[in-house]
Amino acid sequence: YSPLDQINDQNAHRLGLAWFDDLDTYRGVQATPLVIDGVLYNETIFNVVTAYNAKTGEKLWVYDPKVGKEWAGLACCGPSSRGIAAWGNKIIIGALDGRLIAIDKDTGAEIWSAQTFDRKEQYSITGAPRVYDGKVIIGNGGADYGSRGFVVAHDAETGKQLWKFYIVPGNPANGPDGEASDSAMKIAAPTWHGKFWETGGGGNAWDSFAYDPDLNLVYIGTGNGSPQSWHHRSDSKGDNLFLCSMVAVDATTGAYKWHYQMVPEEDWDYTCTQPIVLADIEIDGKLRKVAMQAPKNGFFYVLDRATGELISAKSYVSVNSWASHVDMKTGRPVVLPTAHNTTTPHIMNPSWMAAHTWHPMSYSPKTGLVYLSAQEQGAIYANQPDGAYKYVRGRNNTGFDHANQPELRKTLMAEIMATEKGYLLAWNPATQSEAWRVPYPHPGSGGVLTTAGNILVQPTINKTVAIYRADSGKKLWEMNVDQAGVAGAMTYMIDGEQYIALNVGWGGSPVYNLAKDGPFRFATAKLLVFKLDAKGVTLPPMAAQDETAYLPRQRVPAEVAARG
């Protein structure tokens with residue numbers, strides 16, 4: 001949410017393209033830019049950062065951390081990043097290969113670099129680092145490949161590690177880790193069973209953090225288990241803390257303060273790493289300091305951010321084959337008897353494809369609404385039989401069977417494809433009710449920005465950038481950009497003029513029916529910057545429909561390809 005209002009619901013139709021940069025890739029670009037003192041900083045694939053004159057688009061410098069291309073193999077959805085951070089004279093990068101890197105904001109020169117994980121292990125970084133009170137906070141991905149998730153804090157000035165918080169317990173035979181999470185692991189350990197540590201346990205916090213300076217708390221959204229199957233991970237026993245939870249820790253020390261687990265017995269790849277939004281909202285006549293989240297599982301949660309108390313939870317999508325409701329006395333979901341996976345294929349909706357995934361959501365204090373990209377995409381789940389599952393280091397280890405009973409799967413898949421939906425959703429967190437929605441032909445539209453001008457900005461699966469009234473959802477403006485963006489937009493003011501900037505580069509958001517009406521073609525990813533009454537700047541046409549346009553310039557030599 002931005003307090004800027006020069007661009008508003010009365011003049012948004014006058015927007016035009018002020019400048020753009022072709023990012024020279026067909027991969028998904030997921031970062032939200034930063035603007036500081038008239039300079040726009042943007043990050044594209046493999047963590048390459050470019051500084052631009054935010055008014056004219058002139059390139060000032062480029063920093064390439066030289067991330068090895070092989071690291072894309074440990075990132076489930078491509079070598080993209082969701083953003084950079086800033087502190088003082090530094091731009092902070094969370095590189096795919098685990099480095100935290102600080103570079104000079106004026107020159108792009110490297111100031112310090114710190115390795116956050118053992119590069120021999122199954123980790124990666126795709127989330128945006130955050131800087132709170134001089135501390136850089138970063139998690140990692142890797143639960144799908146077999147790792148033990150953790151979050152670290154580093155000193156923003158020196159790069160020195162300050163604390164480390166593990167999300168799930170390790171091998172009990174090894175004793176305490178000697179880290180900030182030791183007291184929390186005493187709570188978590190009894191909720192695990194079997195030899196879970198052999199495949200890491202997971203829980204990786206690959207995206208969202210939030211911070212309350214008054215409470216000095218950092219809020220961590222945690223991920224799915226490793227492997228994803230609860231049966232193979234923990235013998236179908238225990239809640240498996242702190243998977244799929246919101247965990248609050250002391251920002252200074254990393255010490256555990258409280259947790260709320262959205263998905264006990266996590267069995268469906270329901271990562272709860274989605275954006276956490278803090279706000280002060282009047283609920284039932286009382287002003288509450290809340291933390292809000294809409295994770296994959298289809299429920300919208302409102303928590304007291306001081307204590308972790310559940311204030312309310314309600315499903316925000318029209319299907320939920322996981323749980324009927326959340327019991328407000330216990331705070332636990334009432335899981336449907338058909339939800340847990342067996343060796344017989346069945347449909348779960350929401351699924352791993354998410355009712356809401358990582359795409360940024362927004363709360364507008366002006367309307368009192370939360371806005372997010374919602375979707376209804378089922379998936380087929382079935383466990384591998386006992387004895388058939390075997391952990392393979394570096395592979396995507398789910399514990400699921402993806403090919404048994406093909407005839408049944410065919411029938412289920414037809415049902416899934418017939419019910420797929422995607423829409424922009426405006427949600428009232430005080431009443432836990434839908435305010436309005438804008439339907440799209442498919443899921444996959446991007447993150448949202450709202451402003452004091454009563455506008456909402458979203459890149460759409462229609463390969464457009466659209467602006468709506470935040471109070472009603474009425475469309476005010478739309479521009480074809482030949483790209484279905486997924487990232488969130490931002491806005492800034494220079495010399496009395498307001499701009500809107502966003503990356504459009506589609507990827508990392510699977511859609512079943514995307515090619516139903518013909519091939520889904522898109523242009524190269526681009527950074528787009530708009531302002532009122534801008535004229536004279538146009539995007540180039542898409543490349544000709546030729547397969548070679550999508551092939552990388554650096555090809556594998558024939559003799560290497562022959563060896564596989």
# chains A, B, ... in the order shown; residues from 1 in each chain; ligands from 1
$ residues_around --residues "His325 of chain A" --least-positions-apart "3" --cutoff "7 Å" --atoms "only C-alpha atoms" --output "list in words"
Lys314, Pro333 and Val334 of chain A
$ residues_around --residues "Ile167 of chain A" --least-positions-apart "5" --cutoff "7 Å" --atoms "only C-alpha atoms" --output "list in words"
Gly149, Phe150, Gly203 and Phe242 of chain A
$ write_last_selection --atoms "N, CA and C atoms" --output "PDB file, in the first residue's frame"
ATOM      1  N   GLY A 149      14.862 -26.597   7.142  1.00  0.00           N
ATOM      2  CA  GLY A 149      14.719 -25.161   6.970  1.00  0.00           C
ATOM      3  C   GLY A 149      15.198 -24.363   8.164  1.00  0.00           C
ATOM      4  N   PHE A 150      15.694 -23.160   7.892  1.00  0.00           N
ATOM      5  CA  PHE A 150      16.099 -22.246   8.954  1.00  0.00           C
ATOM      6  C   PHE A 150      16.059 -20.814   8.440  1.00  0.00           C
ATOM      7  N   GLY A 203      10.151 -27.403   6.084  1.00  0.00           N
ATOM      8  CA  GLY A 203       9.704 -26.196   6.768  1.00  0.00           C
ATOM      9  C   GLY A 203      10.311 -24.910   6.249  1.00  0.00           C
ATOM     10  N   PHE A 242       7.668 -26.891  13.132  1.00  0.00           N
ATOM     11  CA  PHE A 242       6.790 -25.773  12.893  1.00  0.00           C
ATOM     12  C   PHE A 242       6.478 -25.685  11.402  1.00  0.00           C
TER      13      PHE A 242
END
$ select_by_dssp --residues "segment 275-450 of chain A" --states "strand (DSSP E)" --output "PyMOL selection string"
chain A and resi 276-283+286-293+299-304+310-315+323-326+333-335+346-348+362-364+369-376+379-381+421-428+433-440+449-450
$ select_by_dssp --residues "segment 311-508 of chain A" --states "alpha helix (DSSP H)" --output "list in words"
Pro406, Glu407, Leu408, Arg409, Lys410, Thr411, Leu412, Met413, Ala414, Glu415, Ile416, Met417, Ala418 and Thr419 of chain A
$ write_last_selection --atoms "N, CA and C atoms" --output "short mmCIF file (atom, residue, chain, number, x, y, z; two decimals), in the first residue's frame"
data_model
loop_
_atom_site.label_atom_id
_atom_site.label_comp_id
_atom_site.auth_asym_id
_atom_site.auth_seq_id
_atom_site.Cartn_x
_atom_site.Cartn_y
_atom_site.Cartn_z
N PRO A 406 -4.04 -45.24 -13.68
CA PRO A 406 -4.16 -44.20 -14.72
C PRO A 406 -5.59 -43.90 -15.16
N GLU A 407 -6.45 -44.90 -15.19
CA GLU A 407 -7.82 -44.64 -15.63
C GLU A 407 -8.56 -43.75 -14.63
N LEU A 408 -8.37 -44.03 -13.35
CA LEU A 408 -8.97 -43.18 -12.33
C LEU A 408 -8.40 -41.77 -12.42
N ARG A 409 -7.11 -41.67 -12.62
CA ARG A 409 -6.47 -40.35 -12.74
C ARG A 409 -7.04 -39.57 -13.93
N LYS A 410 -7.31 -40.26 -15.01
CA LYS A 410 -7.87 -39.59 -16.18
C LYS A 410 -9.21 -38.96 -15.86
N THR A 411 -10.04 -39.69 -15.14
CA THR A 411 -11.35 -39.18 -14.75
C THR A 411 -11.22 -37.99 -13.80
N LEU A 412 -10.33 -38.12 -12.81
CA LEU A 412 -10.13 -37.04 -11.85
C LEU A 412 -9.57 -35.79 -12.53
N MET A 413 -8.66 -36.00 -13.47
CA MET A 413 -8.04 -34.87 -14.15
C MET A 413 -9.05 -34.07 -14.96
N ALA A 414 -9.99 -34.78 -15.57
CA ALA A 414 -11.04 -34.09 -16.34
C ALA A 414 -11.86 -33.20 -15.42
N GLU A 415 -12.15 -33.69 -14.21
CA GLU A 415 -12.90 -32.90 -13.23
C GLU A 415 -12.11 -31.67 -12.80
N ILE A 416 -10.80 -31.85 -12.59
CA ILE A 416 -9.95 -30.74 -12.17
C ILE A 416 -9.92 -29.65 -13.22
N MET A 417 -9.71 -30.06 -14.48
CA MET A 417 -9.60 -29.07 -15.55
C MET A 417 -10.91 -28.33 -15.78
N ALA A 418 -12.02 -28.97 -15.51
CA ALA A 418 -13.33 -28.35 -15.73
C ALA A 418 -13.66 -27.33 -14.65
N THR A 419 -12.97 -27.38 -13.52
CA THR A 419 -13.31 -26.51 -12.39
C THR A 419 -12.24 -25.47 -12.07
#
$ closest_residue --among "A:Ala210, A:Ala51, A:Ala379, A:Leu278" --to "Asp21 of chain A" --atoms "only C-alpha atoms"
A:Ala51
$ closest_atom_pairs --of "segment 145-216 of chain A" --to "segment 222-226 of chain A" --cutoff "7 Å" --atoms "only C-alpha atoms" --output "tab-separated table"
residue	atom	partner	partner_atom	distance
A:Gly146	CA	A:Ser226	CA	5.6
A:Ser147	CA	A:Ser226	CA	7.0
A:Thr199	CA	A:Ser226	CA	6.1
A:Gly200	CA	A:Ser226	CA	6.2
A:Gly201	CA	A:Ser226	CA	4.6
A:Gly202	CA	A:Gly225	CA	4.5
A:Gly203	CA	A:Gly223	CA	4.2
A:Asn204	CA	A:Gly223	CA	5.0
A:Ala205	CA	A:Thr222	CA	4.6
$ write_last_selection --atoms "C-alpha atoms" --output "short mmCIF file (atom, residue, chain, number, x, y, z; two decimals), in the first residue's frame"
data_model
loop_
_atom_site.label_atom_id
_atom_site.label_comp_id
_atom_site.auth_asym_id
_atom_site.auth_seq_id
_atom_site.Cartn_x
_atom_site.Cartn_y
_atom_site.Cartn_z
CA GLY A 146 15.48 -32.71 1.28
CA SER A 147 16.67 -30.02 3.70
CA THR A 199 15.36 -36.24 4.76
CA GLY A 200 15.71 -32.90 6.52
CA GLY A 201 12.12 -32.35 7.66
CA GLY A 202 11.66 -29.20 5.56
CA GLY A 203 9.70 -26.20 6.77
CA ASN A 204 11.89 -23.84 4.72
CA ALA A 205 10.88 -20.18 4.94
#
$ closest_atom_pairs --of "segment 135-178 of chain A" --to "segment 124-130 of chain A" --cutoff "8 Å" --atoms "only C-alpha atoms" --output "Markdown table"
| residue | atom | partner | partner_atom | distance |
| --- | --- | --- | --- | --- |
| A:Val136 | CA | A:Arg130 | CA | 5.6 |
| A:Ile137 | CA | A:Arg130 | CA | 5.2 |
| A:Ile138 | CA | A:Pro129 | CA | 5.0 |
| A:Gly139 | CA | A:Ile125 | CA | 7.1 |
| A:Asn140 | CA | A:Ile125 | CA | 4.7 |
| A:Gly141 | CA | A:Ser124 | CA | 5.1 |
| A:Gly142 | CA | A:Ser124 | CA | 6.2 |
$ closest_residue --among "A:Ala255, A:Ala143, A:Leu215, A:Met328" --to "Thr398 of chain A" --atoms "only C-alpha atoms"
A:Ala143
$ residues_around --residues "Ile220 of chain A" --least-positions-apart "6" --cutoff "7 Å" --atoms "only C-alpha atoms" --output "ChimeraX atom specification"
/A:205,208-209,246-248
$ write_last_selection --atoms "N, CA, C and O atoms" --output "PDB file, in the first residue's frame"
ATOM      1  N   ALA A 205      11.540 -21.476   5.064  1.00  0.00           N
ATOM      2  CA  ALA A 205      10.876 -20.178   4.940  1.00  0.00           C
ATOM      3  C   ALA A 205      11.407 -19.496   3.686  1.00  0.00           C
ATOM      4  O   ALA A 205      12.328 -18.685   3.745  1.00  0.00           O
ATOM      5  N   SER A 208       8.113 -15.232   2.989  1.00  0.00           N
ATOM      6  CA  SER A 208       7.571 -14.080   3.704  1.00  0.00           C
ATOM      7  C   SER A 208       8.127 -13.860   5.106  1.00  0.00           C
ATOM      8  O   SER A 208       8.254 -14.794   5.903  1.00  0.00           O
ATOM      9  N   PHE A 209       8.425 -12.588   5.382  1.00  0.00           N
ATOM     10  CA  PHE A 209       8.715 -12.127   6.740  1.00  0.00           C
ATOM     11  C   PHE A 209       8.020 -10.782   6.936  1.00  0.00           C
ATOM     12  O   PHE A 209       7.778 -10.051   5.981  1.00  0.00           O
ATOM     13  N   MET A 246       2.971 -19.732  11.319  1.00  0.00           N
ATOM     14  CA  MET A 246       3.532 -18.405  11.518  1.00  0.00           C
ATOM     15  C   MET A 246       4.271 -18.442  12.847  1.00  0.00           C
ATOM     16  O   MET A 246       3.688 -18.794  13.869  1.00  0.00           O
ATOM     17  N   VAL A 247       5.554 -18.114  12.816  1.00  0.00           N
ATOM     18  CA  VAL A 247       6.384 -18.160  14.016  1.00  0.00           C
ATOM     19  C   VAL A 247       6.913 -16.754  14.288  1.00  0.00           C
ATOM     20  O   VAL A 247       7.474 -16.111  13.390  1.00  0.00           O
ATOM     21  N   ALA A 248       6.732 -16.266  15.510  1.00  0.00           N
ATOM     22  CA  ALA A 248       7.234 -14.955  15.902  1.00  0.00           C
ATOM     23  C   ALA A 248       8.495 -15.133  16.744  1.00  0.00           C
ATOM     24  O   ALA A 248       8.504 -15.921  17.697  1.00  0.00           O
TER      25      ALA A 248
END
$ closest_residue --among "A:Ser229, A:Val29, A:Gly175, A:Tyr512" --to "Pro385 of chain A" --atoms "only C-alpha atoms"
A:Ser229
$ residues_around --residues "Ile7 of chain A" --least-positions-apart "5" --cutoff "12 Å" --atoms "only C-alpha atoms" --output "number ranges by chain"
A: 2, 12-16, 450-457, 467-469, 476-477, 491-493, 496-500, 530-533
$ write_last_selection --atoms "N, CA and C atoms" --output "PDB file, in the first residue's frame"
ATOM      1  N   SER A   2       0.511   2.201  -0.818  1.00  0.00           N
ATOM      2  CA  SER A   2       1.244   3.462  -0.873  1.00  0.00           C
ATOM      3  C   SER A   2       0.312   4.623  -0.558  1.00  0.00           C
ATOM      4  N   ALA A  12      -6.689   7.733 -13.687  1.00  0.00           N
ATOM      5  CA  ALA A  12      -5.868   6.571 -14.057  1.00  0.00           C
ATOM      6  C   ALA A  12      -5.978   6.232 -15.533  1.00  0.00           C
ATOM      7  N   HIS A  13      -7.064   6.617 -16.170  1.00  0.00           N
ATOM      8  CA  HIS A  13      -7.237   6.335 -17.606  1.00  0.00           C
ATOM      9  C   HIS A  13      -6.236   7.106 -18.463  1.00  0.00           C
ATOM     10  N   ARG A  14      -5.549   8.082 -17.876  1.00  0.00           N
ATOM     11  CA  ARG A  14      -4.575   8.877 -18.625  1.00  0.00           C
ATOM     12  C   ARG A  14      -3.167   8.294 -18.558  1.00  0.00           C
ATOM     13  N   LEU A  15      -2.997   7.138 -17.939  1.00  0.00           N
ATOM     14  CA  LEU A  15      -1.664   6.550 -17.816  1.00  0.00           C
ATOM     15  C   LEU A  15      -1.085   6.189 -19.175  1.00  0.00           C
ATOM     16  N   GLY A  16       0.223   6.352 -19.261  1.00  0.00           N
ATOM     17  CA  GLY A  16       0.953   5.930 -20.445  1.00  0.00           C
ATOM     18  C   GLY A  16       2.305   5.389 -20.039  1.00  0.00           C
ATOM     19  N   THR A 450      -2.013  -1.361  -3.914  1.00  0.00           N
ATOM     20  CA  THR A 450      -3.094  -0.387  -3.735  1.00  0.00           C
ATOM     21  C   THR A 450      -2.503   0.922  -3.238  1.00  0.00           C
ATOM     22  N   THR A 451      -3.236   2.012  -3.472  1.00  0.00           N
ATOM     23  CA  THR A 451      -2.751   3.329  -3.078  1.00  0.00           C
ATOM     24  C   THR A 451      -3.872   4.162  -2.477  1.00  0.00           C
ATOM     25  N   ALA A 452      -3.470   5.316  -1.910  1.00  0.00           N
ATOM     26  CA  ALA A 452      -4.442   6.257  -1.355  1.00  0.00           C
ATOM     27  C   ALA A 452      -5.280   6.900  -2.445  1.00  0.00           C
ATOM     28  N   GLY A 453      -4.893   6.727  -3.710  1.00  0.00           N
ATOM     29  CA  GLY A 453      -5.700   7.216  -4.819  1.00  0.00           C
ATOM     30  C   GLY A 453      -6.864   6.317  -5.161  1.00  0.00           C
ATOM     31  N   ASN A 454      -7.143   5.321  -4.306  1.00  0.00           N
ATOM     32  CA  ASN A 454      -8.241   4.368  -4.515  1.00  0.00           C
ATOM     33  C   ASN A 454      -8.049   3.561  -5.797  1.00  0.00           C
ATOM     34  N   ILE A 455      -6.785   3.217  -6.088  1.00  0.00           N
ATOM     35  CA  ILE A 455      -6.531   2.361  -7.245  1.00  0.00           C
ATOM     36  C   ILE A 455      -5.836   1.081  -6.801  1.00  0.00           C
ATOM     37  N   LEU A 456      -6.033   0.050  -7.604  1.00  0.00           N
ATOM     38  CA  LEU A 456      -5.367  -1.240  -7.432  1.00  0.00           C
ATOM     39  C   LEU A 456      -4.694  -1.587  -8.758  1.00  0.00           C
ATOM     40  N   VAL A 457      -3.413  -1.954  -8.699  1.00  0.00           N
ATOM     41  CA  VAL A 457      -2.632  -2.280  -9.890  1.00  0.00           C
ATOM     42  C   VAL A 457      -2.311  -3.769  -9.871  1.00  0.00           C
ATOM     43  N   ILE A 467      -5.727  -1.630 -14.020  1.00  0.00           N
ATOM     44  CA  ILE A 467      -5.956  -0.814 -12.831  1.00  0.00           C
ATOM     45  C   ILE A 467      -7.455  -0.788 -12.543  1.00  0.00           C
ATOM     46  N   TYR A 468      -7.788  -1.045 -11.271  1.00  0.00           N
ATOM     47  CA  TYR A 468      -9.176  -1.107 -10.824  1.00  0.00           C
ATOM     48  C   TYR A 468      -9.407  -0.105  -9.694  1.00  0.00           C
ATOM     49  N   ARG A 469     -10.644   0.275  -9.497  1.00  0.00           N
ATOM     50  CA  ARG A 469     -11.014   0.994  -8.280  1.00  0.00           C
ATOM     51  C   ARG A 469     -10.868   0.037  -7.105  1.00  0.00           C
ATOM     52  N   LEU A 476     -10.503   0.623 -14.471  1.00  0.00           N
ATOM     53  CA  LEU A 476     -10.277   2.011 -14.864  1.00  0.00           C
ATOM     54  C   LEU A 476      -9.375   2.134 -16.082  1.00  0.00           C
ATOM     55  N   TRP A 477      -8.483   1.164 -16.277  1.00  0.00           N
ATOM     56  CA  TRP A 477      -7.469   1.276 -17.333  1.00  0.00           C
ATOM     57  C   TRP A 477      -6.832  -0.095 -17.524  1.00  0.00           C
ATOM     58  N   THR A 491       5.139   2.017  -6.447  1.00  0.00           N
ATOM     59  CA  THR A 491       4.941   3.368  -6.969  1.00  0.00           C
ATOM     60  C   THR A 491       5.836   4.338  -6.237  1.00  0.00           C
ATOM     61  N   TYR A 492       6.220   5.427  -6.930  1.00  0.00           N
ATOM     62  CA  TYR A 492       7.150   6.404  -6.356  1.00  0.00           C
ATOM     63  C   TYR A 492       6.885   7.774  -6.956  1.00  0.00           C
ATOM     64  N   MET A 493       7.426   8.816  -6.292  1.00  0.00           N
ATOM     65  CA  MET A 493       7.248  10.195  -6.737  1.00  0.00           C
ATOM     66  C   MET A 493       8.611  10.833  -6.949  1.00  0.00           C
ATOM     67  N   GLY A 496       7.634  15.838  -8.331  1.00  0.00           N
ATOM     68  CA  GLY A 496       6.207  16.129  -8.392  1.00  0.00           C
ATOM     69  C   GLY A 496       5.395  15.224  -9.283  1.00  0.00           C
ATOM     70  N   GLU A 497       6.009  14.179  -9.838  1.00  0.00           N
ATOM     71  CA  GLU A 497       5.291  13.248 -10.697  1.00  0.00           C
ATOM     72  C   GLU A 497       5.315  11.849 -10.087  1.00  0.00           C
ATOM     73  N   GLN A 498       4.157  11.213 -10.089  1.00  0.00           N
ATOM     74  CA  GLN A 498       4.048   9.851  -9.573  1.00  0.00           C
ATOM     75  C   GLN A 498       4.223   8.851 -10.709  1.00  0.00           C
ATOM     76  N   TYR A 499       4.972   7.784 -10.437  1.00  0.00           N
ATOM     77  CA  TYR A 499       5.229   6.704 -11.390  1.00  0.00           C
ATOM     78  C   TYR A 499       4.764   5.386 -10.786  1.00  0.00           C
ATOM     79  N   ILE A 500       4.445   4.426 -11.641  1.00  0.00           N
ATOM     80  CA  ILE A 500       4.154   3.049 -11.235  1.00  0.00           C
ATOM     81  C   ILE A 500       5.127   2.143 -11.987  1.00  0.00           C
ATOM     82  N   PHE A 530       5.172   3.535 -15.689  1.00  0.00           N
ATOM     83  CA  PHE A 530       4.061   4.333 -16.204  1.00  0.00           C
ATOM     84  C   PHE A 530       3.954   5.652 -15.444  1.00  0.00           C
ATOM     85  N   LYS A 531       3.392   6.669 -16.108  1.00  0.00           N
ATOM     86  CA  LYS A 531       3.000   7.909 -15.440  1.00  0.00           C
ATOM     87  C   LYS A 531       1.849   8.533 -16.222  1.00  0.00           C
ATOM     88  N   LEU A 532       1.235   9.549 -15.648  1.00  0.00           N
ATOM     89  CA  LEU A 532       0.108  10.216 -16.309  1.00  0.00           C
ATOM     90  C   LEU A 532       0.578  10.948 -17.564  1.00  0.00           C
ATOM     91  N   ASP A 533      -0.214  10.824 -18.623  1.00  0.00           N
ATOM     92  CA  ASP A 533      -0.024  11.561 -19.871  1.00  0.00           C
ATOM     93  C   ASP A 533       1.304  11.277 -20.578  1.00  0.00           C
TER      94      ASP A 533
END
$ closest_atom_pairs --of "segment 388-461 of chain A" --to "segment 316-320 of chain A" --cutoff "9 Å" --atoms "only C-alpha atoms" --output "Markdown table"
| residue | atom | partner | partner_atom | distance |
| --- | --- | --- | --- | --- |
| A:Leu425 | CA | A:Tyr316 | CA | 8.7 |
| A:Trp427 | CA | A:Tyr316 | CA | 7.9 |
| A:Gln432 | CA | A:Tyr316 | CA | 8.2 |
| A:Ser433 | CA | A:Tyr316 | CA | 7.7 |
| A:Glu434 | CA | A:Tyr316 | CA | 7.5 |
$ write_last_selection --atoms "N, CA, C and O atoms" --output "mmCIF file, in the first residue's frame"
data_model
loop_
_atom_site.group_PDB
_atom_site.id
_atom_site.type_symbol
_atom_site.label_atom_id
_atom_site.label_comp_id
_atom_site.auth_asym_id
_atom_site.auth_seq_id
_atom_site.Cartn_x
_atom_site.Cartn_y
_atom_site.Cartn_z
ATOM 1 N N LEU A 425 -9.370 -11.030 -5.835
ATOM 2 C CA LEU A 425 -10.310 -11.080 -4.719
ATOM 3 C C LEU A 425 -10.073 -9.921 -3.758
ATOM 4 O O LEU A 425 -8.937 -9.672 -3.344
ATOM 5 N N TRP A 427 -11.090 -8.851 -0.015
ATOM 6 C CA TRP A 427 -11.563 -9.565 1.169
ATOM 7 C C TRP A 427 -11.593 -8.624 2.372
ATOM 8 O O TRP A 427 -10.627 -7.892 2.612
ATOM 9 N N GLN A 432 -14.429 -11.193 7.700
ATOM 10 C CA GLN A 432 -14.092 -12.438 7.004
ATOM 11 C C GLN A 432 -15.126 -12.730 5.917
ATOM 12 O O GLN A 432 -15.731 -13.802 5.855
ATOM 13 N N SER A 433 -15.267 -11.742 5.016
ATOM 14 C CA SER A 433 -16.239 -11.901 3.932
ATOM 15 C C SER A 433 -15.701 -11.272 2.651
ATOM 16 O O SER A 433 -14.888 -10.343 2.683
ATOM 17 N N GLU A 434 -16.178 -11.772 1.518
ATOM 18 C CA GLU A 434 -15.784 -11.245 0.227
ATOM 19 C C GLU A 434 -16.473 -9.912 -0.037
ATOM 20 O O GLU A 434 -17.684 -9.783 0.160
#
$ residues_around --residues "segment 114-117 of chain A" --least-positions-apart "2" --cutoff "10 Å" --atoms "only C-alpha atoms" --output "PyMOL selection string"
chain A and resi 94-95+97-102+112+119-125+138-140+150-154+158-161+164
$ closest_residue --among "A:Pro3, A:Gly488, A:Gly108, A:Pro345" --to "Phe400 of chain A" --atoms "only C-alpha atoms"
A:Pro345
$ atom_distance --atom1 "atom CA of Ala430 of chain A" --atom2 "atom CA of Val486 of chain A"
27.4 Å
$ residues_around --residues "Lys105 of chain A" --least-positions-apart "3" --cutoff "9 Å" --atoms "only C-alpha atoms" --output "mmCIF file with N, CA, C and O atoms, in the first residue's frame"
data_model
loop_
_atom_site.group_PDB
_atom_site.id
_atom_site.type_symbol
_atom_site.label_atom_id
_atom_site.label_comp_id
_atom_site.auth_asym_id
_atom_site.auth_seq_id
_atom_site.Cartn_x
_atom_site.Cartn_y
_atom_site.Cartn_z
ATOM 1 N N ILE A 36 15.116 4.640 -4.471
ATOM 2 C CA ILE A 36 15.761 5.387 -3.395
ATOM 3 C C ILE A 36 16.440 6.607 -4.004
ATOM 4 O O ILE A 36 17.284 6.471 -4.901
ATOM 5 N N VAL A 39 16.693 6.859 -7.788
ATOM 6 C CA VAL A 39 17.289 5.726 -8.501
ATOM 7 C C VAL A 39 16.400 4.504 -8.310
ATOM 8 O O VAL A 39 16.001 4.188 -7.175
ATOM 9 N N TYR A 41 16.117 0.482 -8.476
ATOM 10 C CA TYR A 41 16.937 -0.726 -8.427
ATOM 11 C C TYR A 41 16.045 -1.917 -8.738
ATOM 12 O O TYR A 41 14.996 -2.099 -8.116
ATOM 13 N N ALA A 51 20.736 -0.604 -11.742
ATOM 14 C CA ALA A 51 20.288 0.692 -11.236
ATOM 15 C C ALA A 51 19.950 1.588 -12.416
ATOM 16 O O ALA A 51 20.717 1.682 -13.386
ATOM 17 N N ALA A 86 17.313 -2.787 1.147
ATOM 18 C CA ALA A 86 18.242 -1.665 1.237
ATOM 19 C C ALA A 86 18.454 -1.278 2.690
ATOM 20 O O ALA A 86 17.536 -1.376 3.517
ATOM 21 N N GLY A 88 20.934 1.915 4.591
ATOM 22 C CA GLY A 88 22.006 2.907 4.470
ATOM 23 C C GLY A 88 22.419 3.069 3.017
ATOM 24 O O GLY A 88 21.591 3.302 2.134
ATOM 25 N N ASN A 89 23.695 2.900 2.770
ATOM 26 C CA ASN A 89 24.204 3.038 1.396
ATOM 27 C C ASN A 89 24.282 1.713 0.677
ATOM 28 O O ASN A 89 24.966 1.591 -0.331
ATOM 29 N N LYS A 90 23.583 0.700 1.176
ATOM 30 C CA LYS A 90 23.721 -0.655 0.646
ATOM 31 C C LYS A 90 22.431 -1.172 0.028
ATOM 32 O O LYS A 90 21.344 -0.959 0.565
ATOM 33 N N ILE A 91 22.579 -1.895 -1.065
ATOM 34 C CA ILE A 91 21.528 -2.743 -1.621
ATOM 35 C C ILE A 91 21.891 -4.169 -1.241
ATOM 36 O O ILE A 91 23.032 -4.603 -1.423
ATOM 37 N N ALA A 102 26.041 -7.458 -0.083
ATOM 38 C CA ALA A 102 25.766 -6.034 0.036
ATOM 39 C C ALA A 102 26.600 -5.296 -1.007
ATOM 40 O O ALA A 102 27.811 -5.500 -1.099
ATOM 41 N N GLY A 108 27.371 0.127 -7.336
ATOM 42 C CA GLY A 108 27.223 -1.304 -7.600
ATOM 43 C C GLY A 108 28.416 -2.124 -7.157
ATOM 44 O O GLY A 108 28.451 -3.340 -7.386
ATOM 45 N N ALA A 109 29.398 -1.507 -6.504
ATOM 46 C CA ALA A 109 30.582 -2.232 -6.037
ATOM 47 C C ALA A 109 30.231 -3.089 -4.828
ATOM 48 O O ALA A 109 29.481 -2.660 -3.941
#
